[in-house]
$ cat model.txt   # compact mmCIF, N, CA and C atoms and all ligand atoms
# COMPACT_ATOMS: atom_id res chain seq x y z
N MET A 89 -105.64 26.02 -39.99
CA MET A 89 -105.49 26.33 -38.56
C MET A 89 -106.07 25.21 -37.72
N LYS A 90 -105.23 24.53 -36.98
CA LYS A 90 -105.69 23.43 -36.13
C LYS A 90 -105.94 23.92 -34.71
N PRO A 91 -107.10 23.62 -34.18
CA PRO A 91 -107.34 23.99 -32.78
C PRO A 91 -106.48 23.14 -31.85
N ARG A 92 -105.90 23.77 -30.88
CA ARG A 92 -105.08 23.01 -29.93
C ARG A 92 -105.96 22.42 -28.85
N LYS A 93 -105.65 21.23 -28.52
CA LYS A 93 -106.43 20.56 -27.49
C LYS A 93 -106.06 21.05 -26.10
N GLY A 94 -107.09 21.23 -25.30
CA GLY A 94 -106.83 21.51 -23.89
C GLY A 94 -106.44 22.93 -23.59
N ARG A 95 -106.46 23.78 -24.61
CA ARG A 95 -106.07 25.16 -24.33
C ARG A 95 -107.06 26.11 -24.95
N HIS A 96 -107.59 26.97 -24.14
CA HIS A 96 -108.56 27.93 -24.66
C HIS A 96 -107.83 29.10 -25.31
N VAL A 97 -108.11 29.32 -26.56
CA VAL A 97 -107.52 30.47 -27.26
C VAL A 97 -108.61 31.50 -27.49
N PRO A 98 -108.45 32.69 -26.94
CA PRO A 98 -109.48 33.71 -27.10
C PRO A 98 -109.64 34.10 -28.56
N GLN A 99 -110.87 34.29 -28.98
CA GLN A 99 -111.16 34.65 -30.36
C GLN A 99 -111.56 36.12 -30.43
N ARG A 100 -111.07 36.79 -31.45
CA ARG A 100 -111.40 38.19 -31.64
C ARG A 100 -111.73 38.44 -33.10
N THR A 101 -112.50 39.49 -33.33
CA THR A 101 -112.90 39.84 -34.69
C THR A 101 -112.03 40.97 -35.21
N CYS A 102 -111.48 40.78 -36.40
CA CYS A 102 -110.76 41.86 -37.07
C CYS A 102 -111.80 42.87 -37.57
N VAL A 103 -111.65 44.14 -37.20
CA VAL A 103 -112.66 45.13 -37.61
C VAL A 103 -112.51 45.50 -39.09
N GLY A 104 -111.39 45.09 -39.70
CA GLY A 104 -111.21 45.35 -41.13
C GLY A 104 -112.02 44.39 -41.99
N CYS A 105 -111.78 43.08 -41.80
CA CYS A 105 -112.44 42.10 -42.68
C CYS A 105 -113.53 41.33 -41.96
N ARG A 106 -113.70 41.55 -40.66
CA ARG A 106 -114.73 40.92 -39.85
C ARG A 106 -114.52 39.42 -39.66
N GLU A 107 -113.33 38.92 -39.98
CA GLU A 107 -113.06 37.51 -39.72
C GLU A 107 -112.68 37.34 -38.26
N VAL A 108 -113.02 36.18 -37.74
CA VAL A 108 -112.71 35.88 -36.35
C VAL A 108 -111.47 35.00 -36.29
N HIS A 109 -110.53 35.41 -35.46
CA HIS A 109 -109.29 34.66 -35.32
C HIS A 109 -108.85 34.65 -33.87
N SER A 110 -107.87 33.79 -33.61
CA SER A 110 -107.29 33.81 -32.27
C SER A 110 -106.54 35.13 -32.10
N LYS A 111 -106.52 35.59 -30.88
CA LYS A 111 -105.93 36.87 -30.53
C LYS A 111 -104.49 37.04 -31.02
N ARG A 112 -103.76 35.93 -31.07
CA ARG A 112 -102.35 35.99 -31.44
C ARG A 112 -102.13 36.57 -32.82
N LEU A 113 -103.09 36.35 -33.71
CA LEU A 113 -102.91 36.76 -35.10
C LEU A 113 -103.35 38.19 -35.34
N LEU A 114 -103.87 38.81 -34.30
CA LEU A 114 -104.44 40.14 -34.48
C LEU A 114 -103.66 41.16 -33.67
N VAL A 115 -103.66 42.39 -34.16
CA VAL A 115 -103.01 43.49 -33.47
C VAL A 115 -104.08 44.25 -32.71
N ARG A 116 -103.84 44.48 -31.45
CA ARG A 116 -104.83 45.23 -30.66
C ARG A 116 -104.56 46.73 -30.75
N LEU A 117 -105.64 47.47 -30.90
CA LEU A 117 -105.55 48.93 -30.84
C LEU A 117 -106.41 49.37 -29.69
N VAL A 118 -105.96 50.37 -29.00
CA VAL A 118 -106.72 50.80 -27.84
C VAL A 118 -106.94 52.31 -27.90
N ARG A 119 -108.15 52.68 -27.51
CA ARG A 119 -108.50 54.10 -27.47
C ARG A 119 -108.16 54.64 -26.08
N SER A 120 -107.30 55.62 -26.04
CA SER A 120 -106.93 56.24 -24.77
C SER A 120 -107.28 57.72 -24.88
N PRO A 121 -107.22 58.43 -23.76
CA PRO A 121 -107.52 59.87 -23.82
C PRO A 121 -106.58 60.62 -24.76
N LYS A 122 -105.41 60.05 -25.03
CA LYS A 122 -104.43 60.73 -25.90
C LYS A 122 -104.53 60.30 -27.35
N GLY A 123 -105.44 59.40 -27.64
CA GLY A 123 -105.59 58.96 -29.02
C GLY A 123 -105.61 57.45 -29.12
N ILE A 124 -105.49 56.98 -30.33
CA ILE A 124 -105.54 55.54 -30.57
C ILE A 124 -104.11 55.01 -30.71
N PHE A 125 -103.82 54.00 -29.90
CA PHE A 125 -102.47 53.46 -29.87
C PHE A 125 -102.47 51.96 -30.17
N ILE A 126 -101.36 51.52 -30.73
CA ILE A 126 -101.15 50.09 -30.92
C ILE A 126 -100.71 49.51 -29.59
N ASP A 127 -101.31 48.41 -29.24
CA ASP A 127 -101.08 47.80 -27.93
C ASP A 127 -100.51 46.38 -28.10
N PRO A 128 -99.20 46.29 -28.24
CA PRO A 128 -98.58 44.98 -28.51
C PRO A 128 -98.76 44.00 -27.36
N THR A 129 -98.90 44.48 -26.15
CA THR A 129 -99.03 43.57 -25.01
C THR A 129 -100.46 43.11 -24.82
N GLY A 130 -101.42 43.86 -25.39
CA GLY A 130 -102.83 43.52 -25.20
C GLY A 130 -103.33 43.83 -23.80
N LYS A 131 -102.59 44.63 -23.07
CA LYS A 131 -102.92 44.86 -21.66
C LYS A 131 -103.28 46.29 -21.32
N MET A 132 -103.22 47.17 -22.32
CA MET A 132 -103.56 48.56 -22.03
C MET A 132 -105.05 48.68 -21.73
N PRO A 133 -105.40 49.50 -20.73
CA PRO A 133 -106.82 49.68 -20.44
C PRO A 133 -107.49 50.55 -21.49
N GLY A 134 -108.78 50.35 -21.65
CA GLY A 134 -109.51 51.17 -22.61
C GLY A 134 -110.24 50.32 -23.61
N ARG A 135 -111.06 50.97 -24.39
CA ARG A 135 -111.80 50.26 -25.43
C ARG A 135 -110.83 49.78 -26.49
N GLY A 136 -110.91 48.53 -26.83
CA GLY A 136 -109.97 47.97 -27.80
C GLY A 136 -110.65 47.52 -29.08
N ALA A 137 -109.84 47.44 -30.13
CA ALA A 137 -110.31 46.88 -31.40
C ALA A 137 -109.15 46.08 -31.97
N TYR A 138 -109.45 45.13 -32.81
CA TYR A 138 -108.40 44.27 -33.35
C TYR A 138 -108.35 44.36 -34.86
N LEU A 139 -107.12 44.28 -35.38
CA LEU A 139 -106.91 44.23 -36.82
C LEU A 139 -105.86 43.17 -37.12
N HIS A 140 -106.01 42.53 -38.27
CA HIS A 140 -104.98 41.61 -38.75
C HIS A 140 -103.65 42.34 -38.95
N ASP A 141 -102.59 41.57 -38.98
CA ASP A 141 -101.29 42.19 -39.27
C ASP A 141 -101.06 42.21 -40.78
N ARG A 142 -102.00 42.75 -41.49
CA ARG A 142 -101.84 42.88 -42.94
C ARG A 142 -102.49 44.17 -43.39
N GLN A 143 -101.92 44.72 -44.48
CA GLN A 143 -102.28 46.10 -44.84
C GLN A 143 -103.71 46.29 -45.28
N ASP A 144 -104.29 45.33 -45.95
CA ASP A 144 -105.64 45.61 -46.46
C ASP A 144 -106.64 45.80 -45.32
N CYS A 145 -106.44 45.06 -44.24
CA CYS A 145 -107.34 45.24 -43.10
C CYS A 145 -107.12 46.61 -42.44
N TRP A 146 -105.86 47.05 -42.40
CA TRP A 146 -105.56 48.35 -41.80
C TRP A 146 -106.13 49.48 -42.64
N GLU A 147 -106.10 49.29 -43.96
CA GLU A 147 -106.68 50.32 -44.81
C GLU A 147 -108.17 50.46 -44.53
N LYS A 148 -108.83 49.33 -44.40
CA LYS A 148 -110.26 49.38 -44.05
C LYS A 148 -110.44 50.02 -42.68
N GLY A 149 -109.55 49.68 -41.77
CA GLY A 149 -109.64 50.26 -40.43
C GLY A 149 -109.50 51.77 -40.47
N LEU A 150 -108.53 52.24 -41.24
CA LEU A 150 -108.30 53.68 -41.31
C LEU A 150 -109.40 54.39 -42.08
N HIS A 151 -110.11 53.67 -42.90
CA HIS A 151 -111.19 54.28 -43.68
C HIS A 151 -112.55 54.10 -43.04
N GLY A 152 -112.59 54.03 -41.74
CA GLY A 152 -113.89 54.08 -41.08
C GLY A 152 -114.17 52.95 -40.10
N ALA A 153 -113.57 51.79 -40.31
CA ALA A 153 -113.89 50.66 -39.43
C ALA A 153 -113.45 50.92 -37.99
N LEU A 154 -112.30 51.54 -37.83
CA LEU A 154 -111.81 51.82 -36.47
C LEU A 154 -112.66 52.89 -35.78
N THR A 155 -113.02 53.89 -36.57
CA THR A 155 -113.88 54.95 -36.03
C THR A 155 -115.15 54.35 -35.45
N LYS A 156 -115.72 53.41 -36.18
CA LYS A 156 -116.94 52.76 -35.73
C LYS A 156 -116.67 51.88 -34.52
N ALA A 157 -115.63 51.08 -34.60
CA ALA A 157 -115.37 50.11 -33.53
C ALA A 157 -115.00 50.81 -32.22
N LEU A 158 -114.27 51.90 -32.32
CA LEU A 158 -113.79 52.58 -31.11
C LEU A 158 -114.67 53.76 -30.73
N LYS A 159 -115.64 54.05 -31.57
CA LYS A 159 -116.59 55.14 -31.31
C LYS A 159 -115.87 56.46 -31.06
N THR A 160 -114.89 56.73 -31.88
CA THR A 160 -114.15 57.99 -31.79
C THR A 160 -113.59 58.33 -33.16
N ASP A 161 -113.32 59.58 -33.40
CA ASP A 161 -112.71 59.96 -34.66
C ASP A 161 -111.20 59.80 -34.58
N LEU A 162 -110.59 59.53 -35.71
CA LEU A 162 -109.14 59.46 -35.76
C LEU A 162 -108.60 60.87 -35.96
N THR A 163 -107.68 61.26 -35.09
CA THR A 163 -107.05 62.56 -35.27
C THR A 163 -105.95 62.43 -36.31
N ALA A 164 -105.40 63.55 -36.73
CA ALA A 164 -104.31 63.52 -37.69
C ALA A 164 -103.12 62.74 -37.13
N ASP A 165 -102.87 62.90 -35.83
CA ASP A 165 -101.80 62.16 -35.18
C ASP A 165 -102.05 60.66 -35.21
N ASP A 166 -103.27 60.28 -34.89
CA ASP A 166 -103.63 58.86 -34.92
C ASP A 166 -103.37 58.28 -36.31
N ARG A 167 -103.87 58.99 -37.29
CA ARG A 167 -103.75 58.55 -38.66
C ARG A 167 -102.28 58.36 -39.05
N GLU A 168 -101.45 59.31 -38.65
CA GLU A 168 -100.04 59.24 -38.99
C GLU A 168 -99.39 58.03 -38.32
N ARG A 169 -99.70 57.86 -37.02
CA ARG A 169 -99.12 56.75 -36.26
C ARG A 169 -99.55 55.41 -36.85
N LEU A 170 -100.81 55.28 -37.16
CA LEU A 170 -101.33 54.02 -37.66
C LEU A 170 -100.85 53.74 -39.08
N THR A 171 -100.73 54.81 -39.87
CA THR A 171 -100.24 54.63 -41.23
C THR A 171 -98.78 54.17 -41.22
N LYS A 172 -98.00 54.72 -40.30
CA LYS A 172 -96.60 54.29 -40.18
C LYS A 172 -96.51 52.83 -39.79
N PHE A 173 -97.35 52.43 -38.85
CA PHE A 173 -97.35 51.04 -38.42
C PHE A 173 -97.79 50.15 -39.58
N MET A 174 -98.78 50.59 -40.30
CA MET A 174 -99.30 49.81 -41.41
C MET A 174 -98.22 49.55 -42.46
N ALA A 175 -97.34 50.54 -42.64
CA ALA A 175 -96.29 50.41 -43.64
C ALA A 175 -95.31 49.28 -43.31
N THR A 176 -95.27 48.87 -42.04
CA THR A 176 -94.36 47.79 -41.66
C THR A 176 -95.00 46.41 -41.87
N LEU A 177 -96.27 46.40 -42.20
CA LEU A 177 -96.98 45.13 -42.30
C LEU A 177 -96.88 44.53 -43.69
N SER A 178 -97.23 43.28 -43.76
CA SER A 178 -97.22 42.57 -45.03
C SER A 178 -98.37 43.05 -45.91
N LYS A 179 -98.10 43.09 -47.23
CA LYS A 179 -99.17 43.43 -48.16
C LYS A 179 -99.95 42.20 -48.57
N GLU A 180 -99.41 41.07 -48.26
CA GLU A 180 -100.07 39.81 -48.63
C GLU A 180 -101.36 39.65 -47.86
N THR A 181 -102.27 38.92 -48.44
CA THR A 181 -103.53 38.65 -47.76
C THR A 181 -103.61 37.19 -47.35
N SER A 182 -102.46 36.55 -47.23
CA SER A 182 -102.46 35.11 -46.98
C SER A 182 -102.46 34.77 -45.50
N ALA A 183 -102.30 35.74 -44.63
CA ALA A 183 -102.25 35.46 -43.20
C ALA A 183 -103.54 34.80 -42.74
N GLN A 184 -103.41 33.74 -42.05
CA GLN A 184 -104.61 33.03 -41.58
C GLN A 184 -104.56 32.83 -40.10
ZN ZN B 201 -108.73 41.30 -41.15
$ encode --input "model.txt" --output "structure tokens"
Amino acid sequence: MKPRKGRHVPQRTCVGCREVHSKRLLVRLVRSPKGIFIDPTGKMPGRGAYLHDRQDCWEKGLHGALTKALKTDLTADDRERLTKFMATLSKETSAQ
């Protein structure tokens, strides 16, 4: 990963593996009054957490990391929604 000159890229921590990456490589999740949602635009208001677009990080997220990061429990609906999204992601761990 080469840093680009002259352009500030915001860095965020994946709550699954705790690696820090530029925002582009991470999926934002946001806690709303209706539950935890995937926020592709990164603009939804609310407490946010980031995960890599790969399944192993999402598994860690679903097994407690998101609960901690967002300070809320995952409802059955949240779990279903996030598990469905996770199924669309790569199983590879090569994303950098
Ligand atoms: Zn990760």
$ residues_around --input "model.txt" --residues "Asp141 (chain A)" --least-positions-apart "4" --cutoff "6.5 Å" --atoms "all atoms listed in the file" --output "ChimeraX atom specification"
/A:113-115,177-178
$ closest_atom_pairs --input "model.txt" --of "region 91-127 of chain A" --to "region 163-167 of chain A" --cutoff "8 Å" --atoms "all atoms listed in the file" --output "CSV"
residue,atom,partner,partner_atom,distance
A:Lys122,C,A:Asp166,N,7.6
A:Gly123,CA,A:Asp166,CA,6.2
A:Ile124,N,A:Asp166,CA,5.3
A:Phe125,N,A:Asp166,CA,7.0
$ write_last_selection --input "model.txt" --atoms "N, CA and C atoms" --output "PDB file, keeping the file's coordinate frame"
ATOM      1  N   LYS A 122    -105.410  60.050 -25.030  1.00  0.00           N
ATOM      2  CA  LYS A 122    -104.430  60.730 -25.900  1.00  0.00           C
ATOM      3  C   LYS A 122    -104.530  60.300 -27.350  1.00  0.00           C
ATOM      4  N   GLY A 123    -105.440  59.400 -27.640  1.00  0.00           N
ATOM      5  CA  GLY A 123    -105.590  58.960 -29.020  1.00  0.00           C
ATOM      6  C   GLY A 123    -105.610  57.450 -29.120  1.00  0.00           C
ATOM      7  N   ILE A 124    -105.490  56.980 -30.330  1.00  0.00           N
ATOM      8  CA  ILE A 124    -105.540  55.540 -30.570  1.00  0.00           C
ATOM      9  C   ILE A 124    -104.110  55.010 -30.710  1.00  0.00           C
ATOM     10  N   PHE A 125    -103.820  54.000 -29.900  1.00  0.00           N
ATOM     11  CA  PHE A 125    -102.470  53.460 -29.870  1.00  0.00           C
ATOM     12  C   PHE A 125    -102.470  51.960 -30.170  1.00  0.00           C
TER      13      PHE A 125
END
$ closest_residue --input "model.txt" --among "A:Leu158, A:Val103, A:Val97, A:Leu139" --to "Arg116 (chain A)" --atoms "only N, CA and C atoms"
A:Leu139
$ atom_distance --input "model.txt" --atom1 "CA of Pro121 (chain A)" --atom2 "atom ZN of ligand ZN 201 (chain B)"
25.4 Å
$ closest_residue --input "model.txt" --among "A:Arg142, A:His96, A:Lys148, A:Lys159" --to "Ala175 (chain A)" --atoms "only C-alpha atoms"
A:Arg142
$ residues_near_ligand --input "model.txt" --ligand "ligand ZN 201 (chain B)" --cutoff "6 Å" --atoms "all atoms listed in the file" --output "ChimeraX atom specification"
/A:102-107,139-140,145
$ select_by_dssp --input "model.txt" --residues "region 94-184 of chain A" --states "helix (DSSP H, G or I)" --output "PyMOL selection string"
chain A and resi 111-113+143-158+164-175
$ residues_around --input "model.txt" --residues "Ile126 (chain A)" --least-positions-apart "4" --cutoff "8 Å" --atoms "all atoms listed in the file" --output "PyMOL selection string"
chain A and resi 115-119+130+169-170
$ atom_distance --input "model.txt" --atom1 "atom N of Gly152 (chain A)" --atom2 "atom C of Tyr138 (chain A)"
12.6 Å
$ select_by_dssp --input "model.txt" --residues "chain A" --states "strand (DSSP E or B)" --output "PyMOL selection string"
chain A and resi 99-102+108-110+114-120+123-126+135-140+142+178
$ atom_distance --input "model.txt" --atom1 "CA of Lys111 (chain A)" --atom2 "atom C of Thr129 (chain A)"
10.1 Å
$ closest_residue --input "model.txt" --among "A:Lys172, A:Arg100, A:Arg112, A:Arg95" --to "Trp146 (chain A)" --atoms "only C-alpha atoms"
A:Lys172
$ closest_residue --input "model.txt" --among "A:Pro98, A:Pro128, A:Phe173, A:His109" --to "Leu150 (chain A)" --atoms "only C-alpha atoms"
A:Phe173
$ build_atoms --input "model.txt" --residues "region 116-129 of chain A" --atoms "N, CA, C and O atoms" --output "mmCIF file, in the coordinates of the input"
data_model
loop_
_atom_site.group_PDB
_atom_site.id
_atom_site.type_symbol
_atom_site.label_atom_id
_atom_site.label_comp_id
_atom_site.auth_asym_id
_atom_site.auth_seq_id
_atom_site.Cartn_x
_atom_site.Cartn_y
_atom_site.Cartn_z
ATOM 1 N N ARG A 116 -103.840 44.480 -31.450
ATOM 2 C CA ARG A 116 -104.830 45.230 -30.660
ATOM 3 C C ARG A 116 -104.560 46.730 -30.750
ATOM 4 O O ARG A 116 -103.417 47.168 -30.676
ATOM 5 N N LEU A 117 -105.640 47.470 -30.900
ATOM 6 C CA LEU A 117 -105.550 48.930 -30.840
ATOM 7 C C LEU A 117 -106.410 49.370 -29.690
ATOM 8 O O LEU A 117 -107.459 48.784 -29.434
ATOM 9 N N VAL A 118 -105.960 50.370 -29.000
ATOM 10 C CA VAL A 118 -106.720 50.800 -27.840
ATOM 11 C C VAL A 118 -106.940 52.310 -27.900
ATOM 12 O O VAL A 118 -106.078 53.072 -28.337
ATOM 13 N N ARG A 119 -108.150 52.680 -27.510
ATOM 14 C CA ARG A 119 -108.500 54.100 -27.470
ATOM 15 C C ARG A 119 -108.160 54.640 -26.080
ATOM 16 O O ARG A 119 -108.656 54.145 -25.079
ATOM 17 N N SER A 120 -107.300 55.620 -26.040
ATOM 18 C CA SER A 120 -106.930 56.240 -24.770
ATOM 19 C C SER A 120 -107.280 57.720 -24.880
ATOM 20 O O SER A 120 -107.600 58.206 -25.963
ATOM 21 N N PRO A 121 -107.220 58.430 -23.760
ATOM 22 C CA PRO A 121 -107.520 59.870 -23.820
ATOM 23 C C PRO A 121 -106.580 60.620 -24.760
ATOM 24 O O PRO A 121 -106.909 61.699 -25.251
ATOM 25 N N LYS A 122 -105.410 60.050 -25.030
ATOM 26 C CA LYS A 122 -104.430 60.730 -25.900
ATOM 27 C C LYS A 122 -104.530 60.300 -27.350
ATOM 28 O O LYS A 122 -103.743 60.749 -28.177
ATOM 29 N N GLY A 123 -105.440 59.400 -27.640
ATOM 30 C CA GLY A 123 -105.590 58.960 -29.020
ATOM 31 C C GLY A 123 -105.610 57.450 -29.120
ATOM 32 O O GLY A 123 -105.734 56.752 -28.117
ATOM 33 N N ILE A 124 -105.490 56.980 -30.330
ATOM 34 C CA ILE A 124 -105.540 55.540 -30.570
ATOM 35 C C ILE A 124 -104.110 55.010 -30.710
ATOM 36 O O ILE A 124 -103.329 55.522 -31.491
ATOM 37 N N PHE A 125 -103.820 54.000 -29.900
ATOM 38 C CA PHE A 125 -102.470 53.460 -29.870
ATOM 39 C C PHE A 125 -102.470 51.960 -30.170
ATOM 40 O O PHE A 125 -103.430 51.259 -29.880
ATOM 41 N N ILE A 126 -101.360 51.520 -30.730
ATOM 42 C CA ILE A 126 -101.150 50.090 -30.920
ATOM 43 C C ILE A 126 -100.710 49.510 -29.590
ATOM 44 O O ILE A 126 -99.867 50.082 -28.909
ATOM 45 N N ASP A 127 -101.310 48.410 -29.240
ATOM 46 C CA ASP A 127 -101.080 47.800 -27.930
ATOM 47 C C ASP A 127 -100.510 46.380 -28.100
ATOM 48 O O ASP A 127 -101.247 45.414 -28.109
ATOM 49 N N PRO A 128 -99.200 46.290 -28.240
ATOM 50 C CA PRO A 128 -98.580 44.980 -28.510
ATOM 51 C C PRO A 128 -98.760 44.000 -27.360
ATOM 52 O O PRO A 128 -98.739 42.788 -27.579
ATOM 53 N N THR A 129 -98.900 44.480 -26.150
ATOM 54 C CA THR A 129 -99.030 43.570 -25.010
ATOM 55 C C THR A 129 -100.460 43.110 -24.820
ATOM 56 O O THR A 129 -100.717 42.122 -24.136
#
